[in-house]
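Enquirer: Provided below: work30.cif, containing mmCIF, C-alpha atoms and all ligand atoms.
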data_final
loop_
_atom_site.label_atom_id
_atom_site.label_comp_id
_atom_site.auth_asym_id
_atom_site.auth_seq_id
_atom_site.Cartn_x
_atom_site.Cartn_y
_atom_site.Cartn_z
CA MET I 1 -60.96 -49.92 13.75
CA LEU I 2 -57.32 -48.85 13.68
CA ARG I 3 -54.54 -51.19 12.63
CA ALA I 4 -50.92 -50.06 12.74
CA GLN I 5 -48.41 -52.60 11.53
CA GLN I 6 -44.65 -52.47 11.96
CA LEU I 7 -44.38 -48.68 11.89
CA GLU I 8 -40.87 -47.29 11.46
CA MET I 9 -39.94 -43.63 11.68
CA THR I 10 -36.47 -42.14 11.81
CA PHE I 11 -35.87 -38.41 12.11
CA ASN I 12 -32.77 -36.90 10.47
CA PRO I 13 -31.58 -40.19 8.98
CA GLY I 14 -27.94 -40.49 8.06
CA THR I 15 -26.91 -37.52 10.21
CA PRO I 16 -25.19 -37.41 13.60
CA ILE I 17 -28.56 -36.56 15.16
CA GLU I 18 -30.39 -39.52 13.61
CA ASN I 19 -33.24 -40.55 15.87
CA ARG I 20 -35.08 -43.81 15.30
CA VAL I 21 -38.34 -43.03 17.06
CA LEU I 22 -40.77 -45.72 15.93
CA ARG I 23 -39.20 -49.16 15.87
CA GLY I 24 -41.66 -51.60 14.41
CA LEU I 25 -44.64 -50.36 16.40
CA SER I 26 -47.77 -52.48 15.91
CA LEU I 27 -51.14 -51.90 17.50
CA GLU I 28 -54.68 -52.89 16.67
CA ILE I 29 -57.65 -51.07 18.20
CA PRO I 30 -61.13 -52.47 17.62
CA THR I 31 -64.01 -50.10 16.95
CA GLY I 32 -65.36 -48.41 20.06
CA GLN I 33 -62.37 -49.09 22.29
CA PHE I 34 -60.92 -46.30 24.47
CA VAL I 35 -57.18 -46.87 24.66
CA THR I 36 -54.95 -44.88 26.96
CA VAL I 37 -51.29 -44.57 26.01
CA ILE I 38 -48.55 -44.07 28.56
CA GLY I 39 -44.77 -43.97 28.31
CA SER I 40 -41.76 -41.90 29.22
CA ASN I 41 -40.79 -38.64 27.50
CA GLY I 42 -39.53 -39.29 24.00
CA ALA I 43 -41.05 -42.77 23.85
CA GLY I 44 -42.73 -41.89 20.55
CA LYS I 45 -46.33 -41.35 21.70
CA SER I 46 -46.93 -38.06 19.88
CA THR I 47 -45.03 -39.34 16.85
CA PHE I 48 -47.37 -42.33 16.74
CA LEU I 49 -50.43 -40.08 17.00
CA ASN I 50 -48.98 -37.85 14.26
CA ALA I 51 -48.54 -40.94 12.10
CA VAL I 52 -52.18 -41.93 12.65
CA SER I 53 -53.49 -38.41 11.94
CA GLY I 54 -51.35 -38.07 8.82
CA ASP I 55 -49.33 -35.12 10.12
CA LEU I 56 -46.37 -37.37 9.59
CA ILE I 57 -45.85 -40.05 6.97
CA VAL I 58 -44.01 -43.08 8.34
CA ASP I 59 -40.92 -44.50 6.63
CA LYS I 60 -42.17 -48.07 6.77
CA GLY I 61 -45.23 -49.96 7.91
CA ARG I 62 -48.91 -49.74 7.22
CA ILE I 63 -51.83 -47.90 8.83
CA GLU I 64 -55.41 -48.95 8.22
CA ILE I 65 -58.56 -47.22 9.39
CA ASP I 66 -61.67 -49.36 9.09
CA GLY I 67 -59.86 -51.59 6.63
CA LYS I 68 -58.75 -48.69 4.40
CA ASP I 69 -55.04 -48.23 3.83
CA VAL I 70 -54.28 -44.61 4.80
CA THR I 71 -50.50 -44.93 5.16
CA ARG I 72 -49.67 -42.52 2.36
CA MET I 73 -52.64 -40.18 2.84
CA ASN I 74 -51.86 -36.77 4.29
CA ALA I 75 -53.62 -35.06 7.19
CA TRP I 76 -56.36 -33.30 5.22
CA GLN I 77 -57.20 -36.48 3.34
CA ARG I 78 -57.66 -38.25 6.68
CA SER I 79 -59.47 -35.36 8.34
CA GLY I 80 -62.86 -36.94 7.79
CA MET I 81 -61.74 -40.04 9.66
CA VAL I 82 -59.51 -38.67 12.39
CA ALA I 83 -60.29 -35.95 14.94
CA ARG I 84 -57.67 -34.63 17.28
CA VAL I 85 -57.23 -32.56 20.44
CA PHE I 86 -53.75 -31.27 21.17
CA GLN I 87 -51.87 -30.73 24.42
CA ASP I 88 -51.71 -27.00 23.81
CA PRO I 89 -55.14 -25.36 24.24
CA MET I 90 -54.01 -22.75 21.68
CA ALA I 91 -53.56 -25.41 19.00
CA GLY I 92 -56.51 -26.87 17.18
CA THR I 93 -58.58 -23.68 17.15
CA CYS I 94 -58.19 -20.44 15.25
CA GLU I 95 -57.63 -17.59 17.67
CA ALA I 96 -58.85 -14.82 15.36
CA LEU I 97 -62.19 -16.48 14.62
CA THR I 98 -65.21 -16.52 16.87
CA ILE I 99 -66.44 -19.57 18.76
CA GLU I 100 -69.22 -20.15 16.24
CA GLU I 101 -66.86 -19.74 13.29
CA ASN I 102 -64.44 -22.26 14.75
CA MET I 103 -67.31 -24.65 15.34
CA ALA I 104 -68.58 -24.12 11.81
CA LEU I 105 -65.15 -25.08 10.46
CA ALA I 106 -65.14 -28.20 12.62
CA TRP I 107 -68.66 -28.99 11.44
CA LYS I 108 -67.36 -29.06 7.86
CA ARG I 109 -64.33 -31.21 8.71
CA GLY I 110 -63.56 -33.69 5.97
CA GLU I 111 -65.94 -32.00 3.52
CA ARG I 112 -65.28 -29.63 0.67
CA ARG I 113 -65.63 -26.03 1.79
CA ALA I 114 -66.75 -23.75 -0.99
CA PHE I 115 -67.46 -20.02 -0.82
CA GLY I 116 -70.75 -19.44 0.88
CA PHE I 117 -72.24 -18.84 4.29
CA ALA I 118 -70.71 -21.23 6.79
CA LEU I 119 -73.26 -20.34 9.44
CA ASN I 120 -77.00 -20.23 9.56
CA ARG I 121 -79.63 -20.03 12.27
CA ASN I 122 -80.00 -23.81 12.60
CA LEU I 123 -76.29 -24.33 13.00
CA ARG I 124 -76.07 -21.56 15.61
CA GLU I 125 -78.87 -23.15 17.56
CA MET I 126 -77.15 -26.51 17.42
CA PHE I 127 -73.81 -25.04 18.53
CA ARG I 128 -75.56 -23.24 21.38
CA GLU I 129 -77.13 -26.49 22.51
CA LYS I 130 -73.81 -28.37 22.34
CA LEU I 131 -71.98 -25.62 24.24
CA SER I 132 -74.58 -25.60 26.99
CA ILE I 133 -73.48 -29.15 27.89
CA LEU I 134 -70.18 -27.68 29.04
CA LYS I 135 -71.94 -25.52 31.64
CA LEU I 136 -69.34 -22.78 31.12
CA GLY I 137 -71.76 -20.16 29.89
CA LEU I 138 -70.20 -20.26 26.42
CA GLU I 139 -73.56 -20.75 24.75
CA ASN I 140 -74.09 -17.01 25.28
CA ARG I 141 -70.71 -16.08 23.83
CA LEU I 142 -70.94 -17.56 20.35
CA ALA I 143 -69.75 -14.34 18.73
CA ASP I 144 -66.72 -13.92 21.03
CA ARG I 145 -63.27 -14.52 19.60
CA ILE I 146 -62.01 -17.89 20.76
CA GLY I 147 -58.69 -16.26 21.65
CA LEU I 148 -60.49 -14.52 24.53
CA LEU I 149 -61.29 -17.81 26.28
CA SER I 150 -59.19 -19.29 29.07
CA GLY I 151 -57.08 -22.36 28.32
CA GLY I 152 -59.54 -24.71 30.01
CA GLN I 153 -62.56 -23.19 28.23
CA ARG I 154 -60.74 -23.37 24.93
CA GLN I 155 -59.74 -26.99 25.49
CA ALA I 156 -63.33 -27.91 26.33
CA VAL I 157 -64.48 -26.25 23.09
CA SER I 158 -61.71 -28.06 21.16
CA LEU I 159 -62.96 -31.35 22.52
CA LEU I 160 -66.50 -30.49 21.55
CA MET I 161 -65.32 -29.48 18.07
CA ALA I 162 -63.43 -32.77 17.68
CA SER I 163 -66.62 -34.67 18.39
CA LEU I 164 -68.99 -32.49 16.35
CA ARG I 165 -68.83 -34.72 13.31
CA PRO I 166 -68.64 -38.48 13.60
CA SER I 167 -65.06 -39.58 13.09
CA ARG I 168 -63.61 -43.03 13.18
CA ILE I 169 -60.69 -42.21 15.49
CA LEU I 170 -60.36 -39.58 18.22
CA LEU I 171 -56.79 -38.71 19.20
CA LEU I 172 -56.11 -36.94 22.48
CA ASP I 173 -52.48 -36.03 23.11
CA GLU I 174 -52.11 -35.05 26.78
CA HIS I 175 -55.03 -32.72 26.24
CA THR I 176 -55.37 -31.94 29.95
CA ALA I 177 -51.66 -31.41 30.66
CA ALA I 178 -51.81 -27.61 30.47
CA LEU I 179 -54.90 -27.30 32.69
CA ASP I 180 -55.25 -26.81 36.43
CA PRO I 181 -56.35 -29.96 38.34
CA LYS I 182 -60.01 -28.93 38.57
CA THR I 183 -60.34 -28.00 34.91
CA ALA I 184 -58.32 -31.08 33.92
CA ALA I 185 -60.75 -33.29 35.85
CA PHE I 186 -63.69 -31.54 34.19
CA VAL I 187 -62.22 -31.96 30.68
CA LEU I 188 -61.41 -35.62 31.41
CA GLU I 189 -64.95 -36.33 32.57
CA LEU I 190 -66.24 -34.60 29.47
CA THR I 191 -63.89 -36.72 27.35
CA ALA I 192 -65.19 -39.91 28.92
CA LYS I 193 -68.80 -38.80 28.32
CA ILE I 194 -68.18 -37.86 24.68
CA VAL I 195 -66.31 -41.09 23.97
CA GLU I 196 -69.02 -43.16 25.60
CA ALA I 197 -71.93 -41.30 24.02
CA GLY I 198 -70.43 -41.53 20.52
CA GLN I 199 -69.01 -45.04 21.03
CA LEU I 200 -65.79 -43.58 19.65
CA THR I 201 -62.56 -45.37 18.97
CA ALA I 202 -60.22 -43.19 20.98
CA MET I 203 -56.56 -42.99 21.92
CA MET I 204 -55.57 -40.77 24.83
CA VAL I 205 -51.96 -40.07 25.74
CA THR I 206 -51.39 -39.28 29.39
CA HIS I 207 -48.55 -39.31 31.90
CA SER I 208 -50.88 -40.17 34.73
CA MET I 209 -51.12 -43.89 35.35
CA ARG I 210 -54.24 -43.32 37.43
CA GLN I 211 -55.97 -41.51 34.57
CA ALA I 212 -54.82 -44.15 32.12
CA LEU I 213 -56.35 -46.94 34.17
CA ASP I 214 -59.46 -45.08 35.25
CA TYR I 215 -60.51 -43.79 31.86
CA GLY I 216 -59.21 -46.24 29.27
CA SER I 217 -60.82 -49.57 28.68
CA ARG I 218 -57.37 -50.70 27.59
CA THR I 219 -53.93 -49.28 28.36
CA VAL I 220 -50.77 -49.60 26.30
CA MET I 221 -47.29 -48.55 27.28
CA LEU I 222 -44.82 -47.32 24.67
CA HIS I 223 -41.10 -47.44 25.16
CA GLU I 224 -38.45 -46.66 22.57
CA GLY I 225 -40.97 -46.69 19.78
CA GLN I 226 -42.60 -50.00 20.58
CA VAL I 227 -45.57 -51.25 22.55
CA ILE I 228 -43.98 -52.98 25.52
CA LEU I 229 -47.09 -53.53 27.58
CA ASP I 230 -50.69 -54.02 26.58
CA VAL I 231 -53.17 -54.17 29.44
CA PRO I 232 -56.21 -55.64 27.76
CA ASP I 233 -59.84 -54.69 27.98
CA ARG I 234 -60.97 -54.54 31.63
CA SER I 235 -63.85 -56.92 31.09
CA ALA I 236 -61.64 -59.55 29.42
CA ARG I 237 -58.91 -59.38 32.02
CA ALA I 238 -60.47 -61.22 34.95
CA SER I 239 -60.53 -64.51 33.13
CA THR I 240 -56.97 -64.23 31.82
CA CYS I 241 -55.17 -65.21 34.98
CA PRO I 242 -57.54 -66.26 37.76
CA THR I 243 -54.73 -67.31 40.10
CA CYS I 244 -52.33 -64.42 39.68
CA CYS I 245 -50.87 -64.25 43.17
CA ALA I 246 -49.35 -60.82 42.69
CA CYS I 247 -52.75 -59.25 42.41
CA SER I 248 -55.14 -61.41 44.39
CA SER I 249 -54.65 -61.70 48.11
CA ARG I 250 -53.04 -64.90 49.34
CA PRO I 251 -53.28 -65.13 53.13
CA ALA I 252 -51.12 -68.25 53.14
CA ALA I 253 -48.23 -66.49 51.51
CA ARG I 254 -46.23 -65.36 54.52
CA SER I 255 -42.64 -65.42 53.37
CA TRP I 256 -40.66 -64.00 50.52
CA THR I 257 -41.21 -66.84 48.13
CA THR I 258 -41.05 -66.50 44.40
CA THR I 259 -43.72 -67.78 42.17
CA SER I 260 -44.98 -67.08 38.69
CA CYS I 261 -48.14 -66.14 36.89
CA CYS I 262 -49.28 -66.15 33.31
CA TRP I 263 -50.43 -62.61 32.55
CA PRO I 264 -50.64 -60.94 30.11
CA ASP I 265 -50.45 -62.89 26.86
CA GLY I 266 -49.29 -66.04 28.53
CA ALA I 267 -45.95 -64.43 29.45
CA ARG I 268 -44.54 -65.75 32.69
CA HIS I 269 -43.48 -63.21 35.28
CA ARG I 270 -41.69 -64.02 38.47
CA HIS I 271 -42.73 -62.03 41.47
CA ARG I 272 -42.93 -62.22 45.21
CA ALA I 273 -46.02 -63.60 46.83
CA ARG I 274 -45.55 -61.38 49.87
CA HIS I 275 -46.49 -58.48 47.67
CA ALA I 276 -50.03 -59.82 47.81
CA ARG I 277 -50.19 -59.83 51.61
CA ARG I 278 -49.56 -56.13 51.95
CA ARG I 279 -52.39 -54.93 49.78
CA PRO I 280 -56.14 -55.33 49.89
CA ARG I 281 -57.64 -57.87 47.55
CA ARG I 282 -57.87 -56.67 44.00
CA GLY I 283 -59.13 -58.19 40.80
CA ALA I 284 -56.91 -60.83 39.29
CA GLY I 285 -54.55 -59.35 36.73
CA ASP I 286 -55.00 -55.82 38.04
CA PRO I 287 -53.21 -53.46 35.60
CA ALA I 288 -52.05 -51.13 38.37
CA CYS I 289 -50.12 -54.04 39.92
CA LEU I 290 -48.56 -54.94 36.63
CA LEU I 291 -47.53 -51.38 35.83
CA ARG I 292 -46.15 -50.83 39.32
CA ARG I 293 -44.15 -54.02 39.00
CA TRP I 294 -42.80 -52.93 35.65
CA LEU I 295 -41.80 -49.53 36.99
CA ARG I 296 -40.15 -51.11 40.05
CA GLY I 297 -38.17 -53.35 37.73
CA ARG I 298 -37.01 -50.38 35.68
CA ARG I 299 -36.04 -48.42 38.78
CA ARG I 300 -34.09 -51.42 40.08
CA ALA I 301 -32.27 -51.81 36.75
CA HIS I 302 -31.50 -48.08 36.78
CA ARG I 303 -30.09 -48.28 40.32
CA GLN I 304 -27.97 -51.31 39.41
CA ALA I 305 -26.63 -49.54 36.31
CA ALA I 306 -25.78 -46.47 38.43
CA ARG I 307 -23.98 -48.68 40.98
CA ARG I 308 -22.02 -50.37 38.21
CA ARG I 309 -21.05 -46.99 36.80
CA ALA I 310 -19.98 -45.85 40.27
CA ALA I 311 -17.93 -49.03 40.76
CA HIS I 312 -16.08 -48.32 37.55
CA GLY I 313 -15.41 -44.77 38.66
CA LEU I 314 -17.75 -43.21 36.13
CA GLY I 315 -19.82 -41.40 38.77
CA GLY I 316 -23.59 -41.27 39.20
CA GLY I 317 -23.94 -43.94 41.94
CA THR I 318 -27.00 -43.80 44.21
N1 LIG K 1 -40.34 -33.40 13.71
C1 LIG K 1 -39.36 -33.94 14.41
N2 LIG K 1 -38.07 -33.81 14.02
C2 LIG K 1 -37.06 -34.38 14.70
N3 LIG K 1 -37.22 -35.10 15.83
C3 LIG K 1 -38.48 -35.25 16.29
C4 LIG K 1 -39.61 -34.68 15.60
N4 LIG K 1 -40.73 -35.00 16.28
C5 LIG K 1 -40.32 -35.72 17.34
N5 LIG K 1 -38.98 -35.88 17.34
C6 LIG K 1 -38.19 -36.64 18.31
O1 LIG K 1 -38.78 -37.90 18.44
C7 LIG K 1 -38.65 -38.36 19.79
C8 LIG K 1 -40.03 -38.79 20.26
O2 LIG K 1 -40.83 -37.64 20.35
P1 LIG K 1 -42.36 -37.69 20.76
O3 LIG K 1 -42.87 -36.30 20.70
O4 LIG K 1 -43.05 -38.70 19.95
O5 LIG K 1 -42.26 -38.22 22.25
P2 LIG K 1 -43.42 -38.43 23.31
O6 LIG K 1 -43.46 -39.86 23.66
O7 LIG K 1 -44.67 -37.81 22.82
O8 LIG K 1 -42.83 -37.63 24.54
P3 LIG K 1 -43.57 -36.63 25.58
O9 LIG K 1 -44.15 -37.49 26.63
O10 LIG K 1 -42.44 -35.81 26.08
O11 LIG K 1 -44.59 -35.82 24.82
C9 LIG K 1 -38.06 -37.24 20.58
O12 LIG K 1 -36.71 -37.52 20.80
C10 LIG K 1 -38.22 -36.03 19.69
O13 LIG K 1 -37.16 -35.14 19.85
MG MG K 2 -45.82 -36.09 23.29
#
As structure tokens, please, write out the structure in this file.
Ligand SMILES: Nc1ncnc2c1ncn2[C@@H]1O[C@H](COP(=O)(O)OP(=O)(O)OP(=O)(O)O)[C@@H](O)[C@H]1O
Ligand SMILES: [Mg+2]
Expert:
Amino acid sequence: MLRAQQLEMTFNPGTPIENRVLRGLSLEIPTGQFVTVIGSNGAGKSTFLNAVSGDLIVDKGRIEIDGKDVTRMNAWQRSGMVARVFQDPMAGTCEALTIEENMALAWKRGERRAFGFALNRNLREMFREKLSILKLGLENRLADRIGLLSGGQRQAVSLLMASLRPSRILLLDEHTAALDPKTAAFVLELTAKIVEAGQLTAMMVTHSMRQALDYGSRTVMLHEGQVILDVPDRSARASTCPTCCACSSRPAARSWTTTSCCWPDGARHRHRARHARRRPRRGAGDPACLLRRWLRGRRRAHRQAARRRAAHGLGGGT
């Protein structure tokens, strides 16, 4: 279980380039939940993941992993609890070492590594077996330098390495962003399988709303260093707002009338019932509807701001 409470992080404080990135961010993730994280560039997603992994120590707030306060622990102290796959396929593995050597290092994650043989026949056999799951033929290339692999192959191995030892939290920061669509789909499917098989508590950052909703059992949206939207667990959602007219079809709703619903968290949102007529019936409280509505609202606000600027002769009108 991960609990982040009121996290604050400011880069370059007290200088002209001061940047308050995390602004009281709080999030609680129960054990075994797969949370997808979305948000615009600079929203603070990677900073949040860095704070959880210990690559960055927050200014204020508290981070707990399975009830243990890790706020002031650095990355290597948390390495037994947190595994991570980066956006860059070149990060997270050591280019000069072979596939089996990289895997041996990952196998020892969180443990003391003394001088001695890191590899033996049993370990090699186990690595070979794990690699064969990827169906990339890498099980026959254990002694190849990992730097010789393609980005997609390397990312698949990184993912495998992150899941080699049981960890409490798996962090995935846009780990398919640098891959071509086919390889990205493959790595995503592999991610879902690994998370499900290990019942891992996972957080995956993505810019694709479709991926976020398809793969996560819960989706949170970050904006300006805060969680501004939390789409709860799919299974729990249906009962939250059984009469949400924005998401369930309402044949009677023929005109542009405004109504309200109580989703999520009892918040009341006004929206147009006609919206429901144009789309096929979907589950009540469908997250895609909610996110689309939120994005539409932001676009509208942006257009209005641009019009206001144009009216005042500041340029930028649309
Ligand atoms: N080490 C750092 N020093 C100074 N500023 C930083 C540092 N790391 C991040 N920032 C700033 O913090 C802000 C948030 O960055 P972050 O990487 O968390 O965004 P993000 O939500 O992951 O965005 P993206 O979707 O583009 O990856 C950015 O303005 C960035 O410039
Ligand atoms: Mg980022």
Enquirer: Please provide the set of residues having any atom within 10 Å of Gly225 in chain I, restricted to all atoms listed in the file, with same-chain residues fewer than 6 positions apart removed, written as a list in words.
Expert: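 My list of contacting residues is Leu7, Glu8, Met9, Arg20, Val21, Leu22, Arg23, Gly24, Leu25, Ser26, Gly39, Gly42, Ala43, Gly44, Lys45, Thr47 and Phe48 of chain I.
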Enquirer: Would you save the residues of that selection, restricted to C-alpha atoms, as a PDB file, keeping the file's coordinate frame?
Expert:
ATOM      1  CA  LEU I   7     -44.380 -48.680  11.890  1.00  0.00           C
ATOM      2  CA  GLU I   8     -40.870 -47.290  11.460  1.00  0.00           C
ATOM      3  CA  MET I   9     -39.940 -43.630  11.680  1.00  0.00           C
ATOM      4  CA  ARG I  20     -35.080 -43.810  15.300  1.00  0.00           C
ATOM      5  CA  VAL I  21     -38.340 -43.030  17.060  1.00  0.00           C
ATOM      6  CA  LEU I  22     -40.770 -45.720  15.930  1.00  0.00           C
ATOM      7  CA  ARG I  23     -39.200 -49.160  15.870  1.00  0.00           C
ATOM      8  CA  GLY I  24     -41.660 -51.600  14.410  1.00  0.00           C
ATOM      9  CA  LEU I  25     -44.640 -50.360  16.400  1.00  0.00           C
ATOM     10  CA  SER I  26     -47.770 -52.480  15.910  1.00  0.00           C
ATOM     11  CA  GLY I  39     -44.770 -43.970  28.310  1.00  0.00           C
ATOM     12  CA  GLY I  42     -39.530 -39.290  24.000  1.00  0.00           C
ATOM     13  CA  ALA I  43     -41.050 -42.770  23.850  1.00  0.00           C
ATOM     14  CA  GLY I  44     -42.730 -41.890  20.550  1.00  0.00           C
ATOM     15  CA  LYS I  45     -46.330 -41.350  21.700  1.00  0.00           C
ATOM     16  CA  THR I  47     -45.030 -39.340  16.850  1.00  0.00           C
ATOM     17  CA  PHE I  48     -47.370 -42.330  16.740  1.00  0.00           C
TER      18      PHE I  48
END
Enquirer: From the options I:Glu100, I:His207, I:Lys193, I:Asp230, which residue's atoms come nearest to ligand LIG 1 (chain K), counting all atoms listed in the file?
Expert: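 Nearest to ligand LIG 1 (chain K): I:His207.
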Enquirer: Restricting the calculation to only C-alpha atoms: of I:Ala75, I:Ala197, I:Leu149, I:Leu49, which residue gets closest to Leu97 in chain I?
Expert: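 Selected residue with least distance to Leu97 in chain I: I:Leu149.
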Enquirer: Using Å and a single decimal, report how far CA of Val70 in chain I sits from CA of Gly14 in chain I.
Expert: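 It comes out at 26.9 Å.
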Enquirer: Need the neighbours of (-51.1, -49.7, 9.6): which residues are at most 9 Å away, counting all atoms listed in the file, as an MDAnalysis selection string?
Expert: chainID I and resid 2:7 26:28 52 61:65 69:71
Enquirer: May I ask which of the residues I:Gly147, I:Gly297, I:Pro16, I:Gly80 is the closest one to Glu95 in chain I, counting only C-alpha atoms?
Expert: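 Closest residue, counting only C-alpha atoms: I:Gly147.
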Enquirer: Between I:Leu172, I:Leu142, I:Leu164, I:Ala118, which residue has the minimum interatomic distance to ligand MG 2 (chain K), considering only C-alpha atoms and all ligand atoms?
Expert: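 When distances to ligand MG 2 (chain K) are compared using only C-alpha atoms and all ligand atoms, the smallest one comes from I:Leu172.
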Enquirer: So the first atom is CA of Ser79 in chain I and the second is CA of Arg109 in chain I; what is the distance between them in Å, to one decimal place?
Expert: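 Between CA of Ser79 in chain I and CA of Arg109 in chain I the gap works out to 6.4 Å.
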Enquirer: Which of these residues is nearest to ligand MG 2 (chain K), using all atoms listed in the file: I:Phe11, I:Tyr215, I:Phe186, I:Phe86?
Expert: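 Looking at the shortest contact to ligand MG 2 (chain K), the residue is I:Phe86.
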Enquirer: Just the number, please: distance in Å from CA of Ala91 in chain I to CA of Met203 in chain I, one decimal.
Expert: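 Computing the Euclidean distance for CA of Ala91 in chain I and CA of Met203 in chain I yields 18.1 Å.
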Enquirer: With all atoms listed in the file as the atoms that count, which of I:Leu159, I:Asn50, I:Gly67, I:Asn102 lies nearest to ligand MG 2 (chain K)?
Expert: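 Going through I:Leu159, I:Asn50, I:Gly67, I:Asn102 one by one, the smallest distance to ligand MG 2 (chain K) is for I:Asn50.
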Enquirer: Show me, as JSON, the centre and edge lengths in Å to one decimal of the axis-aligned box that covers every listed atom of ligand LIG 1 (chain K) with 3 Å on each side.
Expert:
{"center_x": -40.7, "center_y": -36.6, "center_z": 20.2, "size_x": 14.0, "size_y": 12.5, "size_z": 18.9}
Enquirer: If we count only C-alpha atoms, what is near Val220 in chain I at a cut-off of 8 Å, once residues fewer than 6 positions away on the same chain are taken out, given as a list of chain:residue names?
Expert: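 So, after excluding close chain neighbours, the residues are I:Val35, I:Thr36, I:Val37, I:Ile38, I:Val227, I:Ile228, I:Leu229, I:Asp230, I:Val231.
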Enquirer: Using all atoms listed in the file - which residues lie no farther than 12 Å from the point (-68.4, -30.5, 7.1) in the file's frame? Write them as a PDB file with C-alpha atoms, in the frame of the given file.
Expert:
ATOM      1  CA  SER I  79     -59.470 -35.360   8.340  1.00  0.00           C
ATOM      2  CA  GLY I  80     -62.860 -36.940   7.790  1.00  0.00           C
ATOM      3  CA  MET I  81     -61.740 -40.040   9.660  1.00  0.00           C
ATOM      4  CA  ASN I 102     -64.440 -22.260  14.750  1.00  0.00           C
ATOM      5  CA  MET I 103     -67.310 -24.650  15.340  1.00  0.00           C
ATOM      6  CA  ALA I 104     -68.580 -24.120  11.810  1.00  0.00           C
ATOM      7  CA  LEU I 105     -65.150 -25.080  10.460  1.00  0.00           C
ATOM      8  CA  ALA I 106     -65.140 -28.200  12.620  1.00  0.00           C
ATOM      9  CA  TRP I 107     -68.660 -28.990  11.440  1.00  0.00           C
ATOM     10  CA  LYS I 108     -67.360 -29.060   7.860  1.00  0.00           C
ATOM     11  CA  ARG I 109     -64.330 -31.210   8.710  1.00  0.00           C
ATOM     12  CA  GLY I 110     -63.560 -33.690   5.970  1.00  0.00           C
ATOM     13  CA  GLU I 111     -65.940 -32.000   3.520  1.00  0.00           C
ATOM     14  CA  ARG I 112     -65.280 -29.630   0.670  1.00  0.00           C
ATOM     15  CA  ARG I 113     -65.630 -26.030   1.790  1.00  0.00           C
ATOM     16  CA  ALA I 114     -66.750 -23.750  -0.990  1.00  0.00           C
ATOM     17  CA  ALA I 118     -70.710 -21.230   6.790  1.00  0.00           C
ATOM     18  CA  LEU I 119     -73.260 -20.340   9.440  1.00  0.00           C
ATOM     19  CA  LEU I 123     -76.290 -24.330  13.000  1.00  0.00           C
ATOM     20  CA  MET I 161     -65.320 -29.480  18.070  1.00  0.00           C
ATOM     21  CA  ALA I 162     -63.430 -32.770  17.680  1.00  0.00           C
ATOM     22  CA  LEU I 164     -68.990 -32.490  16.350  1.00  0.00           C
ATOM     23  CA  ARG I 165     -68.830 -34.720  13.310  1.00  0.00           C
ATOM     24  CA  PRO I 166     -68.640 -38.480  13.600  1.00  0.00           C
ATOM     25  CA  SER I 167     -65.060 -39.580  13.090  1.00  0.00           C
TER      26      SER I 167
END
Enquirer: Range 138-140 of chain I: which residues within 12 Å, counting all atoms listed in the file, same-chain residues fewer than 6 positions away excluded, as a PyMOL selection string?
Expert: chain I and resi 98-100+103+124-132+146+148-150+153-154+156-157+160
Enquirer: Those residues with C-alpha atoms, as a compact mmCIF listing (two decimals), keeping the file's coordinate frame please?
Expert:
# COMPACT_ATOMS: atom_id res chain seq x y z
CA THR I 98 -65.21 -16.52 16.87
CA ILE I 99 -66.44 -19.57 18.76
CA GLU I 100 -69.22 -20.15 16.24
CA MET I 103 -67.31 -24.65 15.34
CA ARG I 124 -76.07 -21.56 15.61
CA GLU I 125 -78.87 -23.15 17.56
CA MET I 126 -77.15 -26.51 17.42
CA PHE I 127 -73.81 -25.04 18.53
CA ARG I 128 -75.56 -23.24 21.38
CA GLU I 129 -77.13 -26.49 22.51
CA LYS I 130 -73.81 -28.37 22.34
CA LEU I 131 -71.98 -25.62 24.24
CA SER I 132 -74.58 -25.60 26.99
CA ILE I 146 -62.01 -17.89 20.76
CA LEU I 148 -60.49 -14.52 24.53
CA LEU I 149 -61.29 -17.81 26.28
CA SER I 150 -59.19 -19.29 29.07
CA GLN I 153 -62.56 -23.19 28.23
CA ARG I 154 -60.74 -23.37 24.93
CA ALA I 156 -63.33 -27.91 26.33
CA VAL I 157 -64.48 -26.25 23.09
CA LEU I 160 -66.50 -30.49 21.55
